[in-house]
>>> print(open('my_file-v8.cif').read())   # mmCIF, C-alpha atoms
data_structure
loop_
_atom_site.label_atom_id
_atom_site.label_comp_id
_atom_site.auth_asym_id
_atom_site.auth_seq_id
_atom_site.Cartn_x
_atom_site.Cartn_y
_atom_site.Cartn_z
CA MET A 1 4.69 16.32 19.09
CA PRO A 2 1.91 13.82 19.79
CA SER A 3 1.50 10.99 17.31
CA THR A 4 -1.18 11.20 14.65
CA ILE A 5 -1.89 7.53 15.30
CA ARG A 6 -4.04 6.14 18.06
CA VAL A 7 -4.24 2.37 18.21
CA ARG A 8 -5.83 -0.05 20.61
CA ALA A 9 -5.04 -3.74 20.29
CA THR A 10 -6.58 -6.19 22.74
CA ALA A 11 -5.81 -9.89 22.92
CA SER A 12 -8.39 -12.34 24.17
CA GLY A 13 -7.45 -15.96 23.70
CA GLU A 14 -6.10 -16.51 20.20
CA ARG A 15 -7.70 -13.39 18.77
CA THR A 16 -6.29 -9.87 18.86
CA GLU A 17 -8.62 -7.09 17.86
CA VAL A 18 -7.08 -3.91 16.48
CA GLN A 19 -8.71 -0.51 16.20
CA ALA A 20 -6.83 2.48 14.86
CA LEU A 21 -7.60 6.15 14.35
CA VAL A 22 -5.30 8.41 12.37
CA GLN A 23 -5.43 12.20 12.41
CA HIS A 24 -5.31 13.23 8.76
CA PRO A 25 -7.27 15.75 6.63
CA MET A 26 -7.85 13.24 3.79
CA GLU A 27 -8.48 16.10 1.35
CA SER A 28 -9.98 14.72 -1.86
CA GLY A 29 -8.92 17.52 -4.21
CA PHE A 30 -12.56 18.01 -5.25
CA VAL A 31 -13.42 20.54 -2.54
CA LYS A 32 -13.14 24.32 -2.83
CA ASP A 33 -12.41 26.61 0.11
CA SER A 34 -14.44 29.74 0.96
CA ASN A 35 -12.47 31.74 -1.66
CA GLY A 36 -13.35 29.30 -4.44
CA GLN A 37 -9.81 27.90 -4.51
CA THR A 38 -9.52 24.13 -4.91
CA ILE A 39 -7.98 22.54 -1.84
CA PRO A 40 -5.21 20.29 -3.19
CA PRO A 41 -5.54 16.54 -2.61
CA HIS A 42 -3.85 15.33 0.56
CA TYR A 43 -4.62 11.81 1.65
CA ILE A 44 -3.00 8.71 3.10
CA GLU A 45 -2.04 6.24 0.38
CA VAL A 46 -0.74 3.37 2.46
CA LEU A 47 -1.27 2.32 6.07
CA THR A 48 0.36 -0.84 7.44
CA PHE A 49 0.11 -2.89 10.61
CA GLU A 50 3.02 -5.15 11.57
CA HIS A 51 3.38 -7.77 14.27
CA ASP A 52 6.37 -10.01 14.95
CA GLY A 53 8.16 -8.87 11.79
CA LYS A 54 5.21 -9.70 9.54
CA VAL A 55 2.80 -7.33 7.83
CA LEU A 56 -0.72 -8.11 9.00
CA LEU A 57 -2.74 -5.62 7.03
CA THR A 58 -1.86 -3.16 4.27
CA ALA A 59 -4.50 -0.57 3.50
CA TYR A 60 -4.28 1.18 0.13
CA TRP A 61 -6.42 4.29 0.38
CA GLY A 62 -7.68 6.93 -2.00
CA PRO A 63 -9.30 10.29 -1.34
CA ALA A 64 -12.69 8.64 -0.63
CA VAL A 65 -11.62 7.49 2.83
CA SER A 66 -13.10 9.79 5.48
CA LYS A 67 -11.14 12.47 7.32
CA ASP A 68 -9.37 11.15 10.41
CA PRO A 69 -9.57 7.56 9.15
CA TYR A 70 -10.63 4.64 11.28
CA VAL A 71 -9.87 0.99 10.68
CA LYS A 72 -10.72 -2.16 12.56
CA PHE A 73 -9.58 -5.76 12.02
CA ALA A 74 -8.49 -8.84 13.97
CA PHE A 75 -5.71 -11.41 13.74
CA ALA A 76 -4.62 -14.65 15.35
CA GLY A 77 -1.33 -15.15 17.17
CA GLY A 78 -0.90 -11.92 19.12
CA LYS A 79 -0.11 -11.98 22.84
CA LYS A 80 -0.50 -9.38 25.57
CA GLY A 81 2.65 -7.25 25.70
CA ASP A 82 3.58 -7.91 22.04
CA GLU A 83 4.43 -4.92 19.93
CA LEU A 84 2.19 -3.77 17.08
CA LYS A 85 3.71 -1.33 14.60
CA VAL A 86 1.55 1.09 12.66
CA ASN A 87 2.84 3.22 9.81
CA TRP A 88 1.25 5.52 7.23
CA THR A 89 2.51 7.49 4.22
CA ASP A 90 0.48 10.06 2.31
CA ASN A 91 0.48 11.41 -1.25
CA LEU A 92 2.78 14.29 -0.25
CA GLY A 93 5.37 11.87 1.10
CA LYS A 94 4.63 12.66 4.75
CA SER A 95 4.49 9.75 7.14
CA ASP A 96 4.14 8.76 10.77
CA SER A 97 4.55 5.56 12.73
CA LEU A 98 3.81 4.22 16.16
CA ALA A 99 4.61 1.08 18.13
CA ALA A 100 1.87 0.05 20.55
CA LYS A 101 1.68 -2.78 23.06
CA ILE A 102 -1.07 -5.33 22.75
CA LEU A 103 -3.27 -5.17 25.85
CA MET B 1 26.64 50.39 0.67
CA PRO B 2 23.74 48.54 2.21
CA ASP B 3 23.90 44.74 2.38
CA ARG B 4 21.71 43.46 -0.45
CA HIS B 5 21.19 40.12 1.27
CA ALA B 6 19.64 41.85 4.22
CA ASN B 7 17.38 44.03 2.08
CA PRO B 8 14.84 42.18 -0.08
CA ASP B 9 13.77 45.42 -1.79
CA ALA B 10 17.20 46.06 -3.27
CA PRO B 11 17.30 45.39 -7.02
CA ALA B 12 19.17 42.21 -7.85
CA ASP B 13 21.42 42.29 -10.90
CA PRO B 14 19.88 40.55 -13.93
CA ALA B 15 22.47 37.77 -14.13
CA ARG B 16 21.92 36.84 -10.52
CA ARG B 17 18.15 36.89 -11.04
CA ALA B 18 18.42 34.60 -14.09
CA VAL B 19 20.50 32.14 -12.09
CA LEU B 20 17.94 32.17 -9.28
CA GLN B 21 15.07 31.60 -11.73
CA LEU B 22 16.92 28.69 -13.24
CA LEU B 23 17.53 27.21 -9.82
CA ALA B 24 13.87 27.65 -8.91
CA ALA B 25 12.79 25.94 -12.14
CA ALA B 26 15.21 23.08 -11.51
CA GLY B 27 13.83 22.81 -8.00
CA LEU B 28 10.28 22.58 -9.32
CA ILE B 29 11.26 19.90 -11.81
CA ALA B 30 13.04 18.01 -9.05
CA LEU B 31 9.92 18.30 -6.90
CA GLY B 32 7.78 17.01 -9.76
CA THR B 33 9.90 13.97 -10.48
CA GLY B 34 10.56 13.48 -6.80
CA ARG B 35 6.83 13.26 -6.23
CA ALA B 36 6.44 10.61 -8.91
CA ALA B 37 9.29 8.58 -7.47
CA ALA B 38 7.95 9.01 -3.96
CA ALA B 39 4.52 7.51 -4.78
CA VAL B 40 4.29 4.88 -2.10
CA PRO B 41 5.47 1.53 -3.52
CA GLY B 42 2.59 -0.81 -4.16
CA TRP B 43 -0.07 1.90 -4.15
CA PRO B 44 -2.27 1.01 -7.15
CA GLU B 45 -2.32 4.46 -8.70
CA GLU B 46 -3.91 3.39 -11.99
CA ALA B 47 -6.84 1.65 -10.28
CA PHE B 48 -7.45 4.71 -8.08
CA ARG B 49 -7.71 6.96 -11.17
CA LYS B 50 -10.49 4.90 -12.80
CA THR B 51 -14.06 6.15 -12.87
CA SER B 52 -15.88 2.90 -13.60
CA GLN B 53 -16.17 -0.18 -11.45
CA ALA B 54 -15.11 -2.49 -14.27
CA ASP B 55 -12.00 -0.44 -15.10
CA ALA B 56 -10.96 -0.12 -11.46
CA LEU B 57 -11.30 -3.86 -10.87
CA ALA B 58 -9.52 -4.64 -14.13
CA ALA B 59 -6.61 -2.38 -13.14
CA LEU B 60 -6.46 -3.81 -9.64
CA TYR B 61 -7.04 -7.53 -10.25
CA GLY B 62 -7.60 -8.18 -13.94
CA LYS B 63 -10.02 -11.02 -13.25
CA PRO B 64 -13.80 -11.43 -13.28
CA LEU B 65 -16.07 -10.73 -10.32
CA GLU B 66 -18.90 -12.99 -9.29
CA MET B 67 -21.58 -12.04 -6.78
CA SER B 68 -21.70 -14.19 -3.68
CA ASP B 69 -23.88 -14.42 -0.57
CA LYS B 70 -20.78 -15.55 1.33
CA VAL B 71 -19.62 -11.94 1.46
CA THR B 72 -21.33 -9.75 4.04
CA LEU B 73 -21.41 -5.98 3.80
CA GLN B 74 -22.71 -3.78 6.56
CA VAL B 75 -23.58 -0.24 5.53
CA PRO B 76 -26.30 2.16 6.67
CA GLU B 77 -29.42 2.22 4.47
CA ILE B 78 -29.49 5.97 4.75
CA ALA B 79 -26.40 8.06 5.40
CA GLU B 80 -27.29 11.52 6.63
CA ASN B 81 -23.69 12.61 6.28
CA GLY B 82 -21.91 11.35 3.18
CA ALA B 83 -18.57 12.44 4.63
CA VAL B 84 -18.57 9.58 7.13
CA VAL B 85 -20.24 6.34 6.04
CA PRO B 86 -19.30 3.35 8.20
CA VAL B 87 -18.55 0.22 6.16
CA SER B 88 -17.86 -3.31 7.44
CA VAL B 89 -16.99 -6.31 5.29
CA GLY B 90 -16.76 -9.93 6.34
CA THR B 91 -16.83 -13.33 4.69
CA THR B 92 -16.94 -17.05 5.38
CA LEU B 93 -14.78 -17.69 2.30
CA PRO B 94 -11.34 -19.29 2.89
CA ASN B 95 -7.83 -17.97 2.14
CA VAL B 96 -8.75 -14.33 1.81
CA THR B 97 -5.86 -12.22 0.55
CA SER B 98 -7.60 -8.90 -0.07
CA VAL B 99 -10.78 -6.89 0.36
CA THR B 100 -11.66 -3.95 -1.87
CA LEU B 101 -14.34 -1.28 -1.50
CA LEU B 102 -15.84 0.53 -4.48
CA VAL B 103 -18.30 3.44 -4.64
CA PRO B 104 -19.35 3.70 -8.31
CA GLU B 105 -21.03 7.13 -8.00
CA ASN B 106 -17.94 8.78 -6.48
CA PRO B 107 -15.62 10.74 -8.82
CA ASN B 108 -13.17 7.83 -8.57
CA THR B 109 -14.76 4.44 -8.01
CA LEU B 110 -12.07 2.73 -5.95
CA ALA B 111 -12.24 3.85 -2.32
CA ALA B 112 -9.98 1.45 -0.46
CA SER B 113 -8.22 -1.88 -0.86
CA PHE B 114 -6.88 -3.97 2.02
CA LYS B 115 -4.25 -6.69 1.69
CA PHE B 116 -4.45 -9.42 4.32
CA GLY B 117 -1.44 -11.26 5.69
CA PRO B 118 -1.62 -14.82 7.03
CA GLY B 119 -3.53 -15.20 10.28
CA VAL B 120 -5.64 -12.10 9.77
CA ALA B 121 -9.40 -12.60 10.09
CA PRO B 122 -11.11 -11.92 6.74
CA ALA B 123 -13.01 -8.86 7.92
CA VAL B 124 -12.35 -5.14 8.01
CA SER B 125 -14.21 -1.97 8.97
CA CYS B 126 -13.56 1.61 7.96
CA ARG B 127 -15.36 4.86 7.06
CA LEU B 128 -15.83 6.20 3.54
CA LYS B 129 -16.95 9.41 1.87
CA MET B 130 -19.86 9.25 -0.54
CA ALA B 131 -20.61 12.10 -2.94
CA LYS B 132 -24.23 10.97 -3.45
CA THR B 133 -26.57 7.98 -3.28
CA SER B 134 -24.71 4.98 -4.69
CA PRO B 135 -24.19 1.28 -4.31
CA VAL B 136 -21.22 0.28 -2.18
CA ILE B 137 -19.50 -2.80 -3.57
CA ALA B 138 -17.32 -5.04 -1.43
CA VAL B 139 -15.00 -7.43 -3.26
CA VAL B 140 -13.24 -10.29 -1.51
CA GLU B 141 -10.30 -12.13 -3.07
CA SER B 142 -10.49 -15.74 -1.92
CA ASP B 143 -8.30 -18.53 -3.33
CA GLY B 144 -7.36 -16.10 -6.09
CA ARG B 145 -10.96 -15.54 -7.23
CA LEU B 146 -13.15 -12.47 -6.74
CA PHE B 147 -16.47 -12.54 -4.92
CA GLY B 148 -18.60 -9.48 -4.32
CA VAL B 149 -21.70 -8.01 -2.81
CA SER B 150 -23.41 -4.70 -3.48
CA LYS B 151 -25.65 -2.58 -1.25
CA GLU B 152 -27.26 0.75 -1.94
CA VAL B 153 -26.66 3.63 0.48
CA LYS B 154 -28.96 6.64 0.25
CA VAL B 155 -26.98 9.79 0.92
CA THR B 156 -28.95 12.83 2.07
CA LEU B 157 -25.95 15.17 2.31
CA GLY B 158 -23.06 14.55 -0.08
CA GLY B 159 -19.70 14.32 1.55
CA CYS B 160 -16.86 14.43 -0.84
CA GLY B 161 -15.42 17.10 1.33
CA GLY B 162 -16.73 16.82 4.84
#
>>> encode(input="my_file-v8.cif", output="structure tokens")
Amino acid sequence: MPSTIRVRATASGERTEVQALVQHPMESGFVKDSNGQTIPPHYIEVLTFEHDGKVLLTAYWGPAVSKDPYVKFAFAGGKKGDELKVNWTDNLGKSDSLAAKIL
Amino acid sequence: MPDRHANPDAPADPARRAVLQLLAAAGLIALGTGRAAAAVPGWPEEAFRKTSQADALAALYGKPLEMSDKVTLQVPEIAENGAVVPVSVGTTLPNVTSVTLLVPENPNTLAASFKFGPGVAPAVSCRLKMAKTSPVIAVVESDGRLFGVSKEVKVTLGGCGG
């Protein structure tokens, strides 16, 4: 099964820029389907980025983050070929993770 | 005699049914408590439930917010689609440990909160849903104090659902 996470991390000099896209419905729990039934909330609560055994960024998200979330940030100290670990967990306890190489 | 296990239409005896119902109830209870225990550690549940900016910030940080021109917030002036509103925050402030985004007119004010590790540039971009026209407030925690900026986004099509 393909990963829900797509990440692109590029190092240039000291700075590594990270862009990530996650496939997730991010249902808010406020929306009704065509039969008038409320679609239960289903959203990512925590997304983390790790490099060299340290957590770079922890995102705490609620239902107001858009479907198929996108996040972009940058950090110092990454090198080409280093591993970047991405992990998310949602409100239903589902999760996914991915290890990507810095380009 | 037909195998009852293979035939779902066969009447189950009452005792067996009672046991099954009990098991199902126990399962539901286990699911309920399991869910509470499984809430991702560190996720600020209380802050995410709040409907006012002040309450959400109090639950998340418990300290006062001052407005600052050292925090930059990039948002569209007009969002045609409230389901996908691009938001970028940056700052020239030192020692940034977190950035929080609030949308006061959404059903729950707190949209996202980012914790920054050492060496991470104090800037982050993401995309938020907006139910209707509202300010977007970016809060930066720098040296343990809170600095914020607010910008109005006009939403032409509400997007709490996409």
>>> interface_residues(input="my_file-v8.cif", of="chain A", to="chain B", cutoff="9 Å", atoms="only C-alpha atoms", output="MDAnalysis selection string")
chainID A and resid 15 26:32 45:46 54:67 69:77 89:93
>>> residues_around(input="my_file-v8.cif", residues="Leu84 in chain A", least_positions_apart="4", cutoff="12 Å", atoms="only C-alpha atoms", output="VMD selection string")
chain A and resid 6 to 11 16 to 20 48 to 57 75 77 to 80 97 to 103
>>> resolve_selection(input="my_file-v8.cif", expression="the PyMOL selection byres ((chain B and resi 80) around 6)", output="number ranges by chain")
B: 79, 81, 155-157
>>> resolve_selection(input="my_file-v8.cif", expression="the PyMOL selection byres ((chain A and resi 5) around 6)", output="number ranges by chain")
A: 3-4, 6, 21-22
>>> atom_distance(input="my_file-v8.cif", atom1="CA of Glu66 in chain B", atom2="CA of Val139 in chain B")
9.1 Å
>>> atom_distance(input="my_file-v8.cif", atom1="CA of Tyr43 in chain A", atom2="CA of Lys154 in chain B")
24.9 Å
>>> closest_residue(input="my_file-v8.cif", among="A:Ile39, A:Gly13, A:Asp33, A:Leu47", to="Ser95 in chain A", atoms="all atoms listed in the file")
A:Leu47
>>> atom_distance(input="my_file-v8.cif", atom1="CA of Lys85 in chain A", atom2="CA of His42 in chain A")
23.1 Å
>>> closest_residue(input="my_file-v8.cif", among="B:Pro94, B:Thr72, B:Pro104, B:Lys132", to="Thr51 in chain B", atoms="all atoms listed in the file")
B:Pro104
>>> resolve_selection(input="my_file-v8.cif", expression="the PyMOL selection byres ((chain B and resi 148) around 10)", output="list in words")
Leu65, Glu66, Met67, Ser68, Asp69, Lys70, Val71, Thr72, Leu73, Thr91, Val99, Thr100, Leu101, Ile137, Ala138, Val139, Val140, Glu141, Leu146, Phe147, Val149 and Ser150 of chain B
>>> closest_residue(input="my_file-v8.cif", among="A:Pro2, A:Ile44, A:Trp88, A:Gly81", to="Pro25 in chain A", atoms="only C-alpha atoms")
A:Ile44
